[in-house]
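Chemist: As input, take upload.csv (CSV, C-alpha atoms):
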```csv
chain,number,residue,atom,x,y,z
A,13,MET,CA,-49.0,-42.9,2.1
A,14,VAL,CA,-50.5,-39.4,1.4
A,15,THR,CA,-50.5,-37.6,4.7
A,16,GLN,CA,-53.0,-34.9,3.9
A,17,THR,CA,-56.1,-34.5,1.8
A,18,ILE,CA,-55.3,-33.3,-1.7
A,19,ASN,CA,-57.1,-33.0,-5.0
A,20,ARG,CA,-56.8,-36.0,-7.4
A,21,PHE,CA,-54.0,-35.2,-9.8
A,22,TYR,CA,-54.1,-38.4,-12.0
A,23,LYS,CA,-56.5,-40.1,-14.3
A,24,LYS,CA,-55.5,-43.8,-14.1
A,25,ALA,CA,-53.8,-46.0,-11.5
A,26,ASP,CA,-52.2,-49.3,-12.5
A,27,ALA,CA,-49.6,-51.8,-11.5
A,28,ALA,CA,-46.5,-52.6,-13.5
A,29,VAL,CA,-43.5,-54.9,-13.0
A,30,ASP,CA,-40.3,-53.1,-12.1
A,31,ASP,CA,-37.7,-52.9,-14.9
A,32,SER,CA,-35.3,-55.0,-12.8
A,33,GLY,CA,-37.9,-57.7,-12.4
A,34,ALA,CA,-37.4,-57.5,-8.6
A,35,GLY,CA,-40.9,-56.5,-7.7
A,36,TRP,CA,-44.0,-54.5,-8.7
A,37,ARG,CA,-44.8,-50.8,-8.7
A,38,VAL,CA,-48.0,-48.7,-8.5
A,39,GLN,CA,-48.2,-46.1,-11.2
A,40,LEU,CA,-50.3,-43.0,-11.5
A,41,ASP,CA,-50.6,-42.1,-15.2
A,42,GLY,CA,-47.4,-44.0,-15.7
A,43,ARG,CA,-45.4,-42.4,-12.9
A,44,SER,CA,-44.4,-44.6,-10.0
A,45,VAL,CA,-45.8,-43.9,-6.5
A,46,LYS,CA,-43.4,-43.1,-3.7
A,47,THR,CA,-43.9,-43.6,0.0
A,48,PRO,CA,-44.7,-40.7,2.3
A,49,ALA,CA,-41.0,-40.5,3.1
A,50,LYS,CA,-40.2,-40.4,-0.6
A,51,ALA,CA,-38.7,-43.9,-0.5
A,52,ASP,CA,-38.9,-46.4,-3.4
A,53,PHE,CA,-42.3,-48.1,-3.3
A,54,LEU,CA,-41.3,-51.5,-4.5
A,55,LEU,CA,-43.8,-54.3,-3.7
A,56,PRO,CA,-43.2,-58.0,-3.4
A,57,SER,CA,-46.1,-59.2,-5.6
A,58,GLU,CA,-48.4,-58.3,-8.4
A,59,VAL,CA,-51.6,-59.0,-6.5
A,60,LEU,CA,-50.6,-56.6,-3.7
A,61,ALA,CA,-49.6,-53.9,-6.3
A,62,ARG,CA,-52.9,-54.3,-8.1
A,63,GLU,CA,-55.0,-54.0,-4.9
A,64,ILE,CA,-53.2,-50.8,-4.0
A,65,ALA,CA,-53.6,-49.5,-7.5
A,66,ALA,CA,-57.4,-50.2,-7.2
A,67,GLU,CA,-57.4,-48.1,-4.0
A,68,TRP,CA,-55.9,-45.2,-5.8
A,69,ASP,CA,-58.3,-45.7,-8.8
A,70,ALA,CA,-61.3,-45.7,-6.4
A,71,GLN,CA,-60.5,-42.1,-5.1
A,72,GLY,CA,-62.8,-39.4,-6.1
A,73,GLU,CA,-62.0,-35.7,-6.5
A,74,LYS,CA,-60.2,-35.7,-3.2
A,75,ILE,CA,-57.6,-38.3,-2.1
A,76,LEU,CA,-58.7,-39.8,1.3
A,77,PRO,CA,-55.8,-41.7,2.8
A,78,HIS,CA,-57.9,-43.5,5.3
A,79,THR,CA,-59.7,-45.2,2.5
A,80,MET,CA,-56.5,-46.8,1.3
A,81,PRO,CA,-55.6,-49.3,4.2
A,82,ILE,CA,-53.5,-51.6,2.1
A,83,MET,CA,-51.4,-48.7,0.8
A,84,GLN,CA,-51.0,-47.5,4.3
A,85,ARG,CA,-49.7,-50.8,5.6
A,86,ALA,CA,-47.3,-51.4,2.7
A,87,ALA,CA,-45.9,-47.9,3.0
A,88,THR,CA,-45.5,-48.4,6.8
A,89,ALA,CA,-43.4,-51.5,6.1
A,90,ILE,CA,-41.0,-49.5,4.0
A,91,ASP,CA,-40.9,-46.2,5.9
A,92,ARG,CA,-41.3,-47.2,9.5
A,93,VAL,CA,-40.7,-50.9,10.0
A,94,ARG,CA,-37.7,-51.5,7.7
A,95,PRO,CA,-35.4,-48.8,9.2
A,96,ASN,CA,-36.5,-49.6,12.7
A,97,ARG,CA,-36.6,-53.4,12.8
A,98,PRO,CA,-34.8,-54.0,16.1
A,99,THR,CA,-37.1,-51.5,17.9
A,100,VAL,CA,-40.2,-53.0,16.3
A,101,VAL,CA,-39.2,-56.6,17.2
A,102,ALA,CA,-38.4,-55.5,20.8
A,103,GLU,CA,-41.7,-53.7,21.1
A,104,LEU,CA,-43.7,-56.7,20.0
A,105,THR,CA,-41.7,-59.1,22.2
A,106,GLY,CA,-42.6,-56.8,25.1
A,107,TYR,CA,-46.3,-57.5,24.5
A,108,GLY,CA,-45.5,-61.1,25.7
A,109,ARG,CA,-44.8,-59.7,29.2
A,110,SER,CA,-48.4,-58.3,29.5
A,111,ASP,CA,-50.4,-60.1,26.9
A,112,LEU,CA,-54.1,-59.5,26.9
A,113,LEU,CA,-54.9,-63.3,27.0
A,114,CYS,CA,-52.9,-63.7,30.2
A,115,TYR,CA,-55.0,-61.2,32.3
A,116,ARG,CA,-58.4,-62.7,33.2
A,117,ALA,CA,-61.3,-61.2,35.1
A,118,SER,CA,-61.9,-62.4,38.6
A,119,PHE,CA,-65.6,-61.7,38.3
A,120,PRO,CA,-68.4,-62.0,37.1
A,121,THR,CA,-68.6,-65.7,36.2
A,122,ASP,CA,-70.0,-65.3,32.7
A,123,LEU,CA,-67.1,-63.0,31.7
A,124,ILE,CA,-64.6,-65.4,33.2
A,125,GLU,CA,-66.1,-68.2,31.2
A,126,ARG,CA,-66.2,-66.2,28.0
A,127,GLN,CA,-62.6,-65.2,28.3
A,128,ALA,CA,-61.5,-68.8,29.0
A,129,LYS,CA,-63.5,-70.1,26.0
A,130,ALA,CA,-62.0,-67.6,23.6
A,131,TRP,CA,-58.5,-67.1,24.9
A,132,GLN,CA,-57.3,-70.3,26.5
A,133,PRO,CA,-57.4,-72.3,23.2
A,134,LEU,CA,-54.9,-69.8,21.8
A,135,LEU,CA,-52.6,-70.1,24.7
A,136,ASP,CA,-52.8,-73.9,24.5
A,137,TRP,CA,-52.0,-73.8,20.8
A,138,VAL,CA,-49.0,-71.5,21.2
A,139,ALA,CA,-47.6,-73.8,23.9
A,140,GLN,CA,-48.1,-77.0,22.0
A,141,GLU,CA,-47.2,-75.8,18.5
A,142,LEU,CA,-44.7,-73.0,19.1
A,143,GLY,CA,-43.3,-74.0,22.5
A,144,ILE,CA,-44.3,-70.7,24.2
A,145,GLU,CA,-45.9,-71.2,27.6
A,146,LEU,CA,-47.2,-68.0,29.2
A,147,ILE,CA,-48.6,-67.7,32.8
A,148,VAL,CA,-52.2,-66.7,33.3
A,149,THR,CA,-53.3,-64.5,36.2
A,150,GLU,CA,-56.5,-62.8,37.4
A,151,GLY,CA,-56.9,-59.0,37.7
A,152,VAL,CA,-54.4,-56.4,36.6
A,153,MET,CA,-51.4,-57.1,38.9
A,154,PRO,CA,-48.4,-57.9,36.6
A,155,VAL,CA,-47.1,-61.4,36.4
A,156,SER,CA,-43.5,-62.3,35.4
A,157,GLN,CA,-43.3,-64.4,32.3
A,158,ASN,CA,-40.6,-66.9,31.7
A,159,GLU,CA,-37.6,-65.4,29.8
A,160,ASP,CA,-37.3,-68.5,27.6
A,161,ALA,CA,-40.9,-68.0,26.4
A,162,LEU,CA,-40.1,-64.4,25.6
A,163,ALA,CA,-37.0,-65.4,23.7
A,164,ARG,CA,-39.0,-67.8,21.6
A,165,ILE,CA,-41.5,-65.1,20.9
A,166,GLN,CA,-38.7,-62.8,19.8
A,167,GLY,CA,-37.2,-65.4,17.6
A,168,LEU,CA,-40.5,-66.0,15.8
A,169,ILE,CA,-41.1,-62.3,15.4
A,170,ASP,CA,-37.6,-61.7,13.9
A,171,GLY,CA,-38.3,-64.4,11.3
A,172,PHE,CA,-40.9,-62.3,9.5
A,173,ASP,CA,-39.8,-60.0,6.7
A,174,ASP,CA,-40.7,-56.3,6.8
A,175,TYR,CA,-44.0,-56.6,5.1
A,176,TYR,CA,-45.2,-59.5,7.3
A,177,LEU,CA,-43.7,-57.8,10.4
A,178,THR,CA,-45.9,-54.8,9.7
A,179,ALA,CA,-49.0,-57.1,9.7
A,180,LEU,CA,-47.9,-58.6,13.0
A,181,HIS,CA,-47.3,-55.2,14.4
A,182,ASN,CA,-50.8,-54.0,13.4
A,183,LEU,CA,-52.5,-57.1,14.8
A,184,THR,CA,-50.6,-57.0,18.1
A,185,THR,CA,-50.8,-53.3,18.9
A,186,VAL,CA,-54.5,-53.1,18.1
A,187,SER,CA,-55.5,-56.4,19.9
A,188,GLY,CA,-53.0,-56.0,22.8
A,189,SER,CA,-51.9,-59.5,22.3
A,190,VAL,CA,-48.8,-60.8,20.4
A,191,ILE,CA,-50.4,-64.3,20.8
A,192,VAL,CA,-53.5,-63.2,18.8
A,193,GLY,CA,-51.1,-61.7,16.2
A,194,LEU,CA,-49.1,-64.8,15.9
A,195,ALA,CA,-52.2,-67.0,15.7
A,196,VAL,CA,-53.4,-65.0,12.7
A,197,MET,CA,-49.9,-65.0,11.1
A,198,HIS,CA,-49.8,-68.8,11.4
A,199,GLY,CA,-53.4,-69.4,10.2
A,200,ARG,CA,-54.7,-70.6,13.6
A,201,ILE,CA,-57.5,-68.0,13.5
A,202,SER,CA,-58.9,-65.6,11.0
A,203,ALA,CA,-58.8,-61.8,11.3
A,204,GLN,CA,-62.5,-61.9,12.1
A,205,GLU,CA,-61.8,-64.3,15.0
A,206,ALA,CA,-58.9,-62.2,16.1
A,207,SER,CA,-61.1,-59.2,16.3
A,208,GLU,CA,-63.6,-61.2,18.4
A,209,CYS,CA,-60.8,-62.2,20.8
A,210,ALA,CA,-59.4,-58.7,21.0
A,211,LEU,CA,-62.7,-57.0,21.6
A,212,LEU,CA,-64.3,-59.5,23.9
A,213,ASP,CA,-64.1,-57.2,27.0
A,214,GLU,CA,-65.4,-54.2,25.1
A,215,GLU,CA,-68.3,-56.3,23.7
A,216,TYR,CA,-69.1,-57.5,27.2
A,217,SER,CA,-69.2,-54.0,28.6
A,218,ILE,CA,-71.5,-52.8,25.8
A,219,GLU,CA,-73.8,-55.7,26.3
A,220,ASN,CA,-74.1,-55.3,30.0
A,221,TRP,CA,-73.6,-51.6,30.7
A,222,GLY,CA,-75.3,-50.1,27.7
A,223,GLU,CA,-74.1,-48.5,24.5
A,224,ASP,CA,-71.5,-45.7,24.8
A,225,PHE,CA,-70.7,-43.7,21.7
A,226,GLU,CA,-67.0,-43.5,22.3
A,227,ALA,CA,-66.7,-47.2,23.2
A,228,ILE,CA,-68.6,-48.2,20.1
A,229,GLU,CA,-66.6,-46.0,17.9
A,230,ARG,CA,-63.3,-47.4,19.4
A,231,ARG,CA,-64.6,-50.9,19.0
A,232,ASP,CA,-65.6,-50.4,15.4
A,233,ARG,CA,-62.3,-48.7,14.6
A,234,HIS,CA,-60.2,-51.5,16.1
A,235,ARG,CA,-62.3,-54.1,14.3
A,236,ALA,CA,-61.8,-52.3,11.0
A,237,GLU,CA,-58.1,-52.1,11.5
A,238,ILE,CA,-57.8,-55.8,12.3
A,239,LEU,CA,-59.9,-56.8,9.3
A,240,ALA,CA,-57.9,-54.5,7.0
A,241,THR,CA,-54.7,-56.1,8.2
A,242,GLY,CA,-56.2,-59.5,7.6
A,243,ARG,CA,-56.8,-58.5,4.0
A,244,TYR,CA,-53.3,-57.1,3.7
A,245,LEU,CA,-51.9,-60.4,5.0
A,246,GLU,CA,-54.0,-62.4,2.5
A,247,LEU,CA,-52.5,-60.4,-0.3
A,248,LEU,CA,-49.0,-60.9,0.9
A,249,MET,CA,-49.6,-64.7,0.9
A,250,VAL,CA,-50.5,-64.7,-2.8
A,251,ARG,CA,-47.5,-64.9,-5.1
```
Is it possible to express this structure as structure tokens?

Modeler:
Amino acid sequence: MVTQTINRFYKKADAAVDDSGAGWRVQLDGRSVKTPAKADFLLPSEVLAREIAAEWDAQGEKILPHTMPIMQRAATAIDRVRPNRPTVVAELTGYGRSDLLCYRASFPTDLIERQAKAWQPLLDWVAQELGIELIVTEGVMPVSQNEDALARIQGLIDGFDDYYLTALHNLTTVSGSVIVGLAVMHGRISAQEASECALLDEEYSIENWGEDFEAIERRDRHRAEILATGRYLELLMVR
């Protein structure tokens, strides 16, 4: 992805099949886009390439990287995830040790009920469908999770290719929950529902303690990131 704001230097962005037939490219006036690390930007599907080309086409006089979220995620898959797969898998597995959904409030009652209603169904699902049983606790004191459960999480994570692994990484790190990430990846919940689960505590605080500019900005940024990743994931699934 472009890492600094620069003037638009092209007239037309488009998608084109690679000469080898192994994937698709995004081209600016016929020249193939590279990643920020100057790597080969070869994409797995036409629909993904066309969406990214549309992001480039939509730029005005200045190129604004933050307005190209699909390009950002695809480039991240190539530049950061692919060369660091073991580290990324280990990082995401680690979220299982302190997953957001496992740490519940001890008060007030309405927050306890809200967390249980939103979060417990996902823990029940992951236990029944994926064989991952995590321990739930109250407060912030750490709880030790079963190593077998963590091994299952790692196995699932390692099964995703680099592009899908990037989506899972985005969902997990923004939400604070690998279970939320896996639920989206497996179609159990939508990206919108994932954002509601992830931002439940923030929404509760805003509702009960009043609006805070920084809290609202953070909430809106996290929601936008989750929804953009949901869109990226939808494009990956279309072949």

Chemist: Each residue of stretch 172-219 of chain A with at least one atom at most 12 Å from stretch 54-69 of chain A should appear once, together with its nearest atom pair and the corresponding distance in Å (one decimal); atoms considered: all atoms listed in the file; ordering: chain, then increasing residue number; output as a tab-separated table.

Modeler:
```
residue	atom	partner	partner_atom	distance
A:Asp173	CA	A:Pro56	CA	10.8
A:Asp174	CA	A:Pro56	CA	10.6
A:Tyr175	CA	A:Pro56	CA	8.7
A:Tyr176	CA	A:Pro56	CA	11.0
```

Chemist: Counting only C-alpha atoms, find the residues whose atoms lie at most 9 Å from (-58.2, -53.5, 10.1) (file coordinates) and write them out as a PDB file with C-alpha atoms, in the coordinates of the input.

Modeler:
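Below is the file out20.pdb, written as the result:
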```pdb
ATOM      1  CA  PRO A  81     -55.600 -49.300   4.200  1.00  0.00           C
ATOM      2  CA  ASN A 182     -50.800 -54.000  13.400  1.00  0.00           C
ATOM      3  CA  LEU A 183     -52.500 -57.100  14.800  1.00  0.00           C
ATOM      4  CA  VAL A 186     -54.500 -53.100  18.100  1.00  0.00           C
ATOM      5  CA  ALA A 203     -58.800 -61.800  11.300  1.00  0.00           C
ATOM      6  CA  SER A 207     -61.100 -59.200  16.300  1.00  0.00           C
ATOM      7  CA  ARG A 233     -62.300 -48.700  14.600  1.00  0.00           C
ATOM      8  CA  HIS A 234     -60.200 -51.500  16.100  1.00  0.00           C
ATOM      9  CA  ARG A 235     -62.300 -54.100  14.300  1.00  0.00           C
ATOM     10  CA  ALA A 236     -61.800 -52.300  11.000  1.00  0.00           C
ATOM     11  CA  GLU A 237     -58.100 -52.100  11.500  1.00  0.00           C
ATOM     12  CA  ILE A 238     -57.800 -55.800  12.300  1.00  0.00           C
ATOM     13  CA  LEU A 239     -59.900 -56.800   9.300  1.00  0.00           C
ATOM     14  CA  ALA A 240     -57.900 -54.500   7.000  1.00  0.00           C
ATOM     15  CA  THR A 241     -54.700 -56.100   8.200  1.00  0.00           C
ATOM     16  CA  GLY A 242     -56.200 -59.500   7.600  1.00  0.00           C
ATOM     17  CA  ARG A 243     -56.800 -58.500   4.000  1.00  0.00           C
ATOM     18  CA  TYR A 244     -53.300 -57.100   3.700  1.00  0.00           C
TER      19      TYR A 244
END
```

Chemist: Which of these residues is nearest to A:Met153, using all atoms listed in the file: A:Cys114, A:Ala195, A:Val100, A:Ala227?

Modeler: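 Distance minimum relative to A:Met153 lands on A:Cys114.
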
Chemist: Skipping near chain neighbours, those fewer than 2 positions away, what residues fall within 10 Å of A:Leu113 using only C-alpha atoms, listed as a ChimeraX atom specification?

Modeler: /A:108,110-111,115-116,127-128,130-132,134-135,146-149,187-192,209-210

Chemist: Name the residues in contact with A:Thr47 at a cut-off of 9 Å, using only C-alpha atoms, excluding same-chain residues fewer than 4 positions from it; report them as a ChimeraX atom specification.

Modeler: /A:13-14,51-53,86-88,90-91

Chemist: Residues near A:Leu123, anyone? I mean within 10 Å using all atoms listed in the file, not counting same-chain ones fewer than 4 positions away, as a PyMOL selection string.

Modeler: chain A and resi 116-119+127-129+212-213+216-217

Chemist: How far is it from atom CA of A:Asp26 to atom CA of A:Val45, in Å with one decimal?

Modeler: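 So the answer is 10.3 Å.
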
Chemist: At what distance in Å, to one decimal, does atom CA of A:Leu162 lie from atom CA of A:Gly143?

Modeler: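 Going from atom CA of A:Gly143 over to atom CA of A:Leu162, I get 10.6 Å.
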
Chemist: Using all atoms listed in the file for the distances, tell me which of A:Tyr107, A:Phe21, A:Trp137, A:Phe172 is nearest to A:Gln157.

Modeler: A:Tyr107

Chemist: Just to confirm, what's the straight-line distance from atom CA of A:Pro154 to atom CA of A:Leu104 in Å (one decimal)?

Modeler: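 These two atoms are separated by 17.3 Å.
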
Chemist: Between A:Ile165, A:Thr17, A:Thr185, A:Glu226, which has the minimum distance to A:Pro77 (counting all atoms listed in the file)?

Modeler: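 Answer, going by the shortest atom-to-atom distance: A:Thr17.
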
Chemist: So, counting only C-alpha atoms, which residue among A:Val152, A:Ala161, A:Leu180, A:Met249 is closest to A:Glu103?

Modeler: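 For A:Glu103, the nearest of the candidates is A:Leu180.
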